[in-house]
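Trainee: Quick one, final.txt (compact mmCIF, C-alpha atoms):
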# COMPACT_ATOMS: atom_id res chain seq x y z
CA MET Z 18 -28.36 -66.75 -9.02
CA LYS Z 19 -24.81 -67.75 -8.08
CA LYS Z 20 -23.52 -65.72 -11.03
CA LEU Z 21 -25.55 -62.71 -9.87
CA PHE Z 22 -24.07 -62.88 -6.36
CA THR Z 23 -20.58 -63.18 -7.83
CA THR Z 24 -21.16 -60.09 -9.98
CA ILE Z 25 -22.40 -58.12 -6.96
CA ALA Z 26 -19.41 -59.21 -4.88
CA VAL Z 27 -16.96 -58.18 -7.59
CA THR Z 28 -18.71 -54.82 -7.96
CA ILE Z 29 -18.47 -54.16 -4.21
CA LEU Z 30 -14.79 -55.09 -4.27
CA LEU Z 31 -14.10 -52.72 -7.15
CA ILE Z 32 -15.89 -49.87 -5.38
CA THR Z 33 -13.87 -50.57 -2.24
CA ASN Z 34 -10.64 -50.51 -4.21
CA VAL Z 35 -11.55 -47.22 -5.86
CA VAL Z 36 -11.62 -45.42 -2.51
CA ALA Z 37 -8.47 -47.07 -1.12
CA TYR Z 38 -5.55 -44.62 -1.23
CA ASN Z 39 -2.55 -46.18 -2.96
CA PHE Z 40 0.55 -46.80 -0.85
CA SER Z 41 2.04 -49.45 -3.15
CA SER Z 42 4.99 -47.30 -4.22
CA ILE Z 43 6.71 -44.07 -3.17
CA PRO Z 44 5.49 -41.21 -5.39
CA SER Z 45 7.99 -39.01 -7.21
CA LYS Z 46 5.87 -36.03 -6.14
CA ILE Z 47 3.66 -35.92 -3.09
CA SER Z 48 0.60 -33.79 -2.43
CA ALA Z 49 0.47 -31.43 0.54
CA TYR Z 50 -3.27 -32.01 0.91
CA PHE Z 51 -6.05 -34.41 0.16
CA ILE Z 52 -9.33 -33.24 -1.35
CA ALA Z 53 -12.62 -34.94 -0.51
CA PRO Z 54 -16.23 -34.21 -1.53
CA THR Z 55 -17.92 -31.38 0.34
CA GLN Z 56 -20.32 -32.34 3.14
CA PRO Z 57 -22.11 -30.63 6.04
CA LEU Z 58 -19.79 -29.71 8.90
CA ASN Z 59 -21.80 -31.56 11.55
CA ARG Z 60 -21.84 -34.74 9.48
CA ILE Z 61 -18.07 -34.55 9.00
CA LYS Z 62 -17.57 -34.16 12.74
CA GLU Z 63 -19.65 -37.27 13.43
CA LYS Z 64 -17.82 -39.38 10.86
CA LEU Z 65 -14.38 -38.30 12.04
CA VAL Z 66 -15.21 -39.29 15.61
CA ASP Z 67 -16.74 -42.58 14.41
CA ASN Z 68 -13.44 -43.38 12.70
CA GLY Z 69 -11.19 -42.86 15.69
CA PHE Z 70 -10.33 -39.16 15.60
CA LYS Z 71 -10.61 -36.71 18.46
CA ILE Z 72 -11.78 -33.21 17.55
CA LEU Z 73 -9.72 -30.56 19.32
CA ALA Z 74 -11.31 -27.43 17.88
CA ILE Z 75 -13.30 -25.89 15.06
CA THR Z 76 -11.77 -22.57 14.07
CA ASN Z 77 -13.15 -19.98 11.68
CA ILE Z 78 -10.01 -18.92 9.83
CA ILE Z 79 -11.39 -16.51 7.26
CA ASP Z 80 -14.87 -15.82 5.83
CA ASN Z 81 -16.71 -19.14 5.45
CA TYR Z 82 -13.66 -21.36 5.85
CA ASN Z 83 -13.90 -23.45 9.02
CA VAL Z 84 -11.04 -25.73 10.04
CA ILE Z 85 -11.49 -28.82 12.19
CA THR Z 86 -8.33 -29.77 14.05
CA ILE Z 87 -8.13 -33.50 14.75
CA THR Z 88 -5.77 -36.01 16.31
CA ASN Z 89 -5.47 -39.73 17.00
CA ASP Z 90 -3.05 -42.04 18.81
CA GLU Z 91 -0.92 -42.69 15.73
CA LEU Z 92 -0.35 -38.98 15.12
CA GLN Z 93 0.29 -38.18 18.78
CA ALA Z 94 2.90 -40.94 19.00
CA THR Z 95 5.19 -38.82 16.79
CA ASN Z 96 5.52 -36.24 19.59
CA THR Z 97 5.88 -33.56 16.91
CA TYR Z 98 3.88 -30.80 15.24
CA MET Z 99 2.16 -33.47 13.16
CA ALA Z 100 0.32 -34.74 16.23
CA THR Z 101 -2.58 -32.81 14.76
CA ILE Z 102 -3.89 -32.36 11.25
CA HIS Z 103 -6.31 -29.73 9.98
CA VAL Z 104 -9.45 -30.34 7.91
CA ASN Z 105 -10.80 -27.37 5.96
CA VAL Z 106 -14.56 -27.54 5.35
CA ASN Z 107 -16.14 -25.20 2.80
CA SER Z 108 -18.91 -25.16 0.23
CA SER Z 109 -16.67 -26.40 -2.61
CA ASP Z 110 -14.74 -29.30 -1.09
CA VAL Z 111 -13.02 -30.65 2.01
CA ARG Z 112 -9.23 -30.26 2.24
CA ILE Z 113 -7.10 -32.28 4.62
CA GLN Z 114 -3.42 -31.99 5.47
CA ASN Z 115 -1.68 -35.10 4.15
CA PRO Z 116 -0.06 -37.03 7.05
CA SER Z 117 2.46 -38.58 4.65
CA TYR Z 118 3.58 -35.13 3.48
CA LEU Z 119 3.91 -33.83 7.04
CA GLY Z 120 5.63 -37.02 8.15
CA ALA Z 121 8.28 -36.76 5.45
CA ALA Z 122 8.91 -33.10 6.35
CA PHE Z 123 8.84 -33.35 10.15
CA LEU Z 124 10.37 -36.79 10.76
CA GLY Z 125 13.10 -36.74 8.11
CA ASP Z 126 15.11 -39.96 7.86
CA GLU Z 127 12.92 -41.59 10.52
CA TYR Z 128 9.89 -41.47 8.21
CA LYS Z 129 8.92 -44.45 6.06
CA TYR Z 130 6.35 -43.97 3.29
CA GLY Z 131 3.09 -45.60 4.30
CA GLN Z 132 3.83 -45.09 8.00
CA PHE Z 133 0.50 -43.31 8.49
CA LYS Z 134 -1.55 -45.60 6.32
CA SER Z 135 -3.97 -46.32 9.18
CA THR Z 136 -4.68 -42.62 9.64
CA VAL Z 137 -5.16 -42.06 5.91
CA ASN Z 138 -7.49 -45.07 5.70
CA ALA Z 139 -9.52 -43.69 8.61
CA LEU Z 140 -9.74 -40.31 6.88
CA GLU Z 141 -10.97 -41.98 3.72
CA LYS Z 142 -13.62 -43.96 5.60
CA ALA Z 143 -14.81 -40.75 7.22
CA LEU Z 144 -14.64 -38.37 4.27
CA GLY Z 145 -14.85 -40.48 1.12
CA SER Z 146 -12.40 -40.91 -1.74
CA LEU Z 147 -9.28 -38.78 -1.26
CA LYS Z 148 -7.72 -37.06 -4.26
CA ASP Z 149 -4.35 -35.36 -4.39
CA SER Z 150 -4.27 -31.58 -4.54
CA LYS Z 151 -2.26 -29.59 -7.08
CA GLN Z 152 0.03 -28.38 -4.29
CA LYS Z 153 2.86 -30.93 -4.73
CA ILE Z 154 6.58 -31.24 -4.24
CA ASP Z 155 9.27 -33.83 -4.97
CA PHE Z 156 9.05 -36.45 -2.23
CA ASP Z 157 12.83 -36.58 -1.80
CA GLU Z 158 12.98 -32.84 -1.04
CA LEU Z 159 10.81 -32.99 2.06
CA LYS Z 160 13.23 -34.57 4.54
CA ASP Z 161 15.56 -31.57 4.22
CA TYR Z 162 13.08 -28.98 2.99
CA ASN Z 163 13.55 -25.25 2.81
CA PHE Z 164 12.18 -22.73 0.34
CA MET Z 165 15.63 -21.83 -0.96
CA ILE Z 166 19.26 -21.79 0.14
CA GLY Z 167 19.67 -19.80 3.34
CA MET Z 168 16.01 -20.08 4.33
CA PRO Z 169 14.98 -21.92 7.56
CA LYS Z 170 14.46 -25.67 7.81
CA VAL Z 171 12.31 -27.72 10.17
CA ASP Z 172 14.86 -27.62 13.02
CA ASP Z 173 15.32 -23.85 12.79
CA THR Z 174 12.66 -23.18 15.40
CA ILE Z 175 12.07 -19.86 17.14
CA THR Z 176 12.05 -19.70 20.95
CA LEU Z 177 9.39 -17.20 22.00
CA LYS Z 178 9.63 -17.31 25.77
CA ARG Z 179 11.41 -19.05 28.63
CA GLY Z 180 10.04 -19.60 32.10
CA LYS Z 181 7.91 -21.83 34.30
CA ASN Z 182 4.21 -22.72 34.04
CA LEU Z 183 4.00 -21.44 30.49
CA VAL Z 184 0.84 -23.41 29.75
CA SER Z 185 -1.03 -21.48 32.42
CA LYS Z 186 -0.02 -18.15 30.86
CA VAL Z 187 -1.06 -18.70 27.26
CA LYS Z 188 -4.14 -16.78 26.08
CA ASN Z 189 -6.54 -16.78 23.13
CA ILE Z 190 -5.93 -20.33 21.97
CA ALA Z 191 -8.00 -22.74 19.92
CA TYR Z 192 -6.77 -25.90 21.64
CA LYS Z 193 -3.94 -27.52 23.57
CA LEU Z 194 -2.83 -31.13 23.42
CA THR Z 195 -0.47 -32.93 25.80
CA LEU Z 196 1.67 -35.40 23.85
CA PRO Z 197 2.87 -38.80 25.13
CA ASN Z 198 6.33 -37.39 25.96
CA GLY Z 199 4.84 -34.52 27.98
CA LEU Z 200 5.27 -31.73 25.45
CA ILE Z 201 2.19 -29.57 24.92
CA LEU Z 202 1.06 -28.54 21.45
CA VAL Z 203 -0.99 -25.33 21.32
CA GLY Z 204 -3.13 -24.06 18.44
CA HIS Z 205 -3.37 -20.29 18.23
CA LYS Z 206 -6.20 -18.11 16.97
CA LEU Z 207 -4.46 -15.56 14.81
CA SER Z 208 -6.20 -12.27 14.13
CA LYS Z 209 -8.40 -11.89 11.06
CA LYS Z 210 -5.99 -9.19 9.91
CA THR Z 211 -3.08 -11.63 9.88
CA ASN Z 212 -5.15 -14.41 8.33
CA LYS Z 213 -5.91 -12.14 5.37
CA PHE Z 214 -2.62 -13.20 3.82
CA LEU Z 215 -4.62 -16.14 2.45
CA LYS Z 216 -6.75 -13.67 0.49
CA THR Z 217 -3.67 -11.80 -0.71
CA LEU Z 218 -2.36 -15.06 -2.15
CA ASN Z 219 -5.79 -16.16 -3.38
CA GLU Z 220 -5.35 -19.24 -1.19
CA GLU Z 221 -8.45 -19.03 1.02
CA LYS Z 222 -9.30 -22.53 -0.16
CA ASN Z 223 -6.18 -23.76 1.64
CA ALA Z 224 -7.12 -22.38 5.05
CA GLN Z 225 -6.17 -25.79 6.50
CA ILE Z 226 -2.62 -24.52 7.02
CA LEU Z 227 -4.00 -22.82 10.16
CA PRO Z 228 -4.35 -22.57 13.18
CA TYR Z 229 -0.64 -21.91 13.73
CA GLU Z 230 0.89 -24.01 16.49
CA SER Z 231 3.46 -23.61 19.23
CA MET Z 232 5.13 -26.29 21.34
CA ILE Z 233 5.60 -25.92 25.09
CA PHE Z 234 8.65 -27.65 26.53
CA LYS Z 235 9.54 -27.83 30.22
CA ASP Z 236 10.71 -24.23 30.45
CA SER Z 237 10.38 -22.76 26.97
CA VAL Z 238 7.92 -22.33 24.11
CA GLN Z 239 8.86 -22.63 20.44
CA ILE Z 240 7.30 -22.34 17.00
CA LEU Z 241 8.34 -23.52 13.58
CA ASP Z 242 9.78 -20.57 11.71
CA PRO Z 243 6.84 -19.21 9.66
CA LYS Z 244 9.18 -18.78 6.68
CA PHE Z 245 9.57 -22.56 6.74
CA TYR Z 246 6.01 -23.55 7.60
CA LEU Z 247 4.26 -21.28 5.10
CA ALA Z 248 6.56 -22.36 2.28
CA LEU Z 249 6.12 -26.02 3.20
CA SER Z 250 2.35 -25.63 3.37
CA LEU Z 251 1.99 -23.81 0.04
CA PRO Z 252 4.73 -25.38 -2.11
CA ASN Z 253 3.42 -24.02 -5.42
CA LEU Z 254 3.84 -20.38 -4.49
CA SER Z 255 6.48 -18.31 -6.27
CA MET Z 256 9.09 -16.03 -4.75
CA GLY Z 257 7.03 -13.07 -5.98
CA GLN Z 258 3.97 -14.31 -4.09
CA PHE Z 259 5.96 -14.76 -0.91
CA MET Z 260 7.27 -11.24 -1.29
CA GLU Z 261 3.64 -10.07 -1.24
CA ILE Z 262 3.32 -11.44 2.30
CA ALA Z 263 6.84 -10.60 3.46
CA SER Z 264 5.58 -9.11 6.74
CA ILE Z 265 3.39 -12.10 7.69
CA PRO Z 266 6.07 -14.35 9.28
CA ASP Z 267 6.97 -11.57 11.71
CA GLU Z 268 3.30 -10.84 12.40
CA ILE Z 269 2.63 -14.50 13.21
CA GLU Z 270 5.64 -14.62 15.53
CA THR Z 271 4.57 -11.40 17.26
CA GLU Z 272 0.98 -12.56 17.80
CA ILE Z 273 2.00 -15.87 19.32
CA ARG Z 274 4.68 -14.24 21.47
CA ARG Z 275 2.00 -11.93 22.87
CA ALA Z 276 -0.18 -14.93 23.70
CA TYR Z 277 2.39 -15.99 26.33
CA ARG Z 278 2.68 -12.67 28.14
Just dump the structure as structure tokens.
Mentor:
Amino acid sequence: MKKLFTTIAVTILLITNVVAYNFSSIPSKISAYFIAPTQPLNRIKEKLVDNGFKILAITNIIDNYNVITITNDELQATNTYMATIHVNVNSSDVRIQNPSYLGAAFLGDEYKYGQFKSTVNALEKALGSLKDSKQKIDFDELKDYNFMIGMPKVDDTITLKRGKNLVSKVKNIAYKLTLPNGLILVGHKLSKKTNKFLKTLNEEKNAQILPYESMIFKDSVQILDPKFYLALSLPNLSMGQFMEIASIPDEIETEIRRAYR
């Protein structure tokens, strides 16, 4: 009987280890997203909340691709665009923005690999075993990332508007989140016409790159340059593919600018 209990205990331990994401060493390449088994949307919502996440919005991006935007204290403490992460729920799988990937890109030299281990562990408890996606990039490239020489980097933000009480003027949004330092992160509902760039690229399955976000400061509102954010979010795309959606960065900027009129 003692041997039986020992066998059961070892089996449980092995199962636990199988679903524990590995932070033992810095990867040479890092995945932009995690992939988890598909599950009903309502069940995912329940499990995310049970594991410490706050749901800010559920946004239908395109066709049957619904994105849950979530946050927690660890993410908000960054006071950056990675205060939220998006979870794409569809009939094939569940795709989640990788906090480690975003951290390396948005925090630069301040980021330490494994810094968001608690958030990743909570995601795994909620969604099941997390696998890396095929969208990967060299880890060392992320802290100073741009698509190519001369293209924008993370600090090359675009100021859309200046003025007072900007948060009261913004329209057609999915959510807003006040960060610990007082900045306000806003998720925008882009038009279906603009969102169709995912179909053009055959990347509907990666709808978790949206909603697009702006950041409200004391007297201005900014966005990451879409030429940076789209390239960062879809690192496997070629120059030819980006040329297919050459008008989309300007369309995103225009739509969000209009939201603050």
Trainee: Looking at Z:Tyr118, Z:Tyr277, Z:Phe70, Z:Phe164, which one is nearest to Ser237 of chain Z, with distances taken over all atoms listed in the file?
Mentor: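 Closest to Ser237 of chain Z of all the choices is Z:Tyr277.
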Trainee: Which value, in Å to one decimal, gives the distance between atom CA of Tyr162 of chain Z and atom CA of Asp90 of chain Z?
Mentor: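 The value is 26.1 Å.
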Trainee: Contacts of Val106 of chain Z at 10 Å or less, counting only C-alpha atoms, minus same-chain residues fewer than 3 places along, as a list in words?
Mentor: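 The filter keeps Ala53, Pro54, Thr55, Gln56, Pro57, Leu58, Ile61, Ile75, Asn77, Asn81, Tyr82, Asn83, Val84, Ile85, His103, Ser109, Asp110, Val111, Arg112, Ile113, Lys222, Asn223, Ala224 and Gln225 of chain Z.
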Trainee: What gap, in Å, lies between atom CA of Leu227 of chain Z and atom CA of Asp157 of chain Z?
Mentor: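 Result for atom CA of Leu227 of chain Z versus atom CA of Asp157 of chain Z: 24.8 Å, one decimal.
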Trainee: Quick one, how far is atom CA of Arg278 of chain Z from atom CA of Ile201 of chain Z?
Mentor: 17.2 Å
Trainee: Restricting the calculation to only C-alpha atoms, which member of Z:Gly69, Z:Leu218, Z:Lys160, Z:Tyr128 is positioned closest to Ser255 of chain Z?
Mentor: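 Using only C-alpha atoms, the shortest distance to Ser255 of chain Z belongs to Z:Leu218.
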Trainee: Between Z:Asp173, Z:Asp161, Z:Asp155, Z:Glu63, which is the closest to Lys142 of chain Z once you count all atoms listed in the file?
Mentor: Z:Glu63
Trainee: Considering only C-alpha atoms, give me a table of residues in segment 25-95 of chain Z that are at most 8 Å from segment 206-212 of chain Z, with the closest atom pair and distance in Å for each, as a tab-separated table.
Mentor:
residue	atom	partner	partner_atom	distance
Z:Thr76	CA	Z:Lys206	CA	7.7
Z:Ile78	CA	Z:Asn212	CA	6.8
Z:Ile79	CA	Z:Asn212	CA	6.7
Trainee: Can you tell me which residues surround segment 47-50 of chain Z at a distance of at most 8 Å, considering only C-alpha atoms, apart from same-chain residues fewer than 6 positions away, and format the answer as a list in words?
Mentor: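 Contacts, in chain order: Arg112, Ile113, Gln114, Asn115, Tyr118, Leu119, Asp149, Ser150, Lys151, Gln152, Lys153, Ile154, Asp155, Phe156, Ser250, Leu251 and Pro252 of chain Z.
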Trainee: Quick one: residues within 10 Å of (3.0, -22.3, 6.5) (file frame), counting only C-alpha atoms, please, as a ChimeraX atom specification.
Mentor: /Z:225-229,241-252,266
Trainee: So, with all atoms listed in the file as the atoms that count, which of Z:Leu92, Z:Leu215, Z:Met260, Z:Val104 lies closest to Asp80 of chain Z?
Mentor: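 For Asp80 of chain Z, the nearest of the candidates is Z:Leu215.
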Trainee: Around (9.4, -19.0, 17.7) in the file's own coordinates, what residues are found within 10 Å if you use all atoms listed in the file, given back as a list in words?
Mentor: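 Taken together, the residues in range are Asp173, Thr174, Ile175, Thr176, Leu177, Lys178, Glu230, Ser231, Met232, Val238, Gln239, Ile240, Leu241, Asp242, Pro243, Asp267, Ile269, Glu270, Thr271, Ile273 and Arg274 of chain Z.
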Trainee: Hey, could you pull the box centre and edge lengths for segment 57-61 of chain Z, axis-aligned, 5 Å padding per side, all listed atoms, to one decimal in Å, as JSON?
Mentor:
{"center_x": -20.1, "center_y": -32.2, "center_z": 8.8, "size_x": 14.0, "size_y": 15.0, "size_z": 15.5}
Trainee: Could you check the closest approach to Ile262 of chain Z for each of Z:Lys213, Z:Arg275, Z:Lys235, Z:Lys170 and tell me which residue wins, using all atoms listed in the file?
Mentor: Z:Lys213
Trainee: In terms of the shortest atom-to-atom distance over only C-alpha atoms, which of Z:Glu220, Z:Phe123, Z:Gly145, Z:Ala276 is closest to Leu183 of chain Z?
Mentor: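 Once distances to Leu183 of chain Z are computed over only C-alpha atoms, the minimum belongs to Z:Ala276.
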Trainee: Find the residues of segment 40-76 of chain Z that sit at most 12 Å from segment 98-101 of chain Z; for each, write down the nearest two atoms and how far apart they are in Å, to one decimal. Count all atoms listed in the file. Sort by chain, then by number going up, and give it as JSON lines.
Mentor:
{"residue": "Z:Phe70", "atom": "CA", "partner": "Z:Thr101", "partner_atom": "CA", "distance": 10.1}
{"residue": "Z:Lys71", "atom": "CA", "partner": "Z:Thr101", "partner_atom": "CA", "distance": 9.7}
{"residue": "Z:Ile72", "atom": "CA", "partner": "Z:Thr101", "partner_atom": "CA", "distance": 9.6}
{"residue": "Z:Leu73", "atom": "CA", "partner": "Z:Thr101", "partner_atom": "CA", "distance": 8.8}
{"residue": "Z:Ala74", "atom": "CA", "partner": "Z:Thr101", "partner_atom": "CA", "distance": 10.7}
Trainee: Write the selection just made, keeping C-alpha atoms, as a PDB file, keeping the file's coordinate frame?
Mentor:
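Contents of the output file part.pdb:
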ATOM      1  CA  PHE Z  70     -10.330 -39.160  15.600  1.00  0.00           C
ATOM      2  CA  LYS Z  71     -10.610 -36.710  18.460  1.00  0.00           C
ATOM      3  CA  ILE Z  72     -11.780 -33.210  17.550  1.00  0.00           C
ATOM      4  CA  LEU Z  73      -9.720 -30.560  19.320  1.00  0.00           C
ATOM      5  CA  ALA Z  74     -11.310 -27.430  17.880  1.00  0.00           C
TER       6      ALA Z  74
END
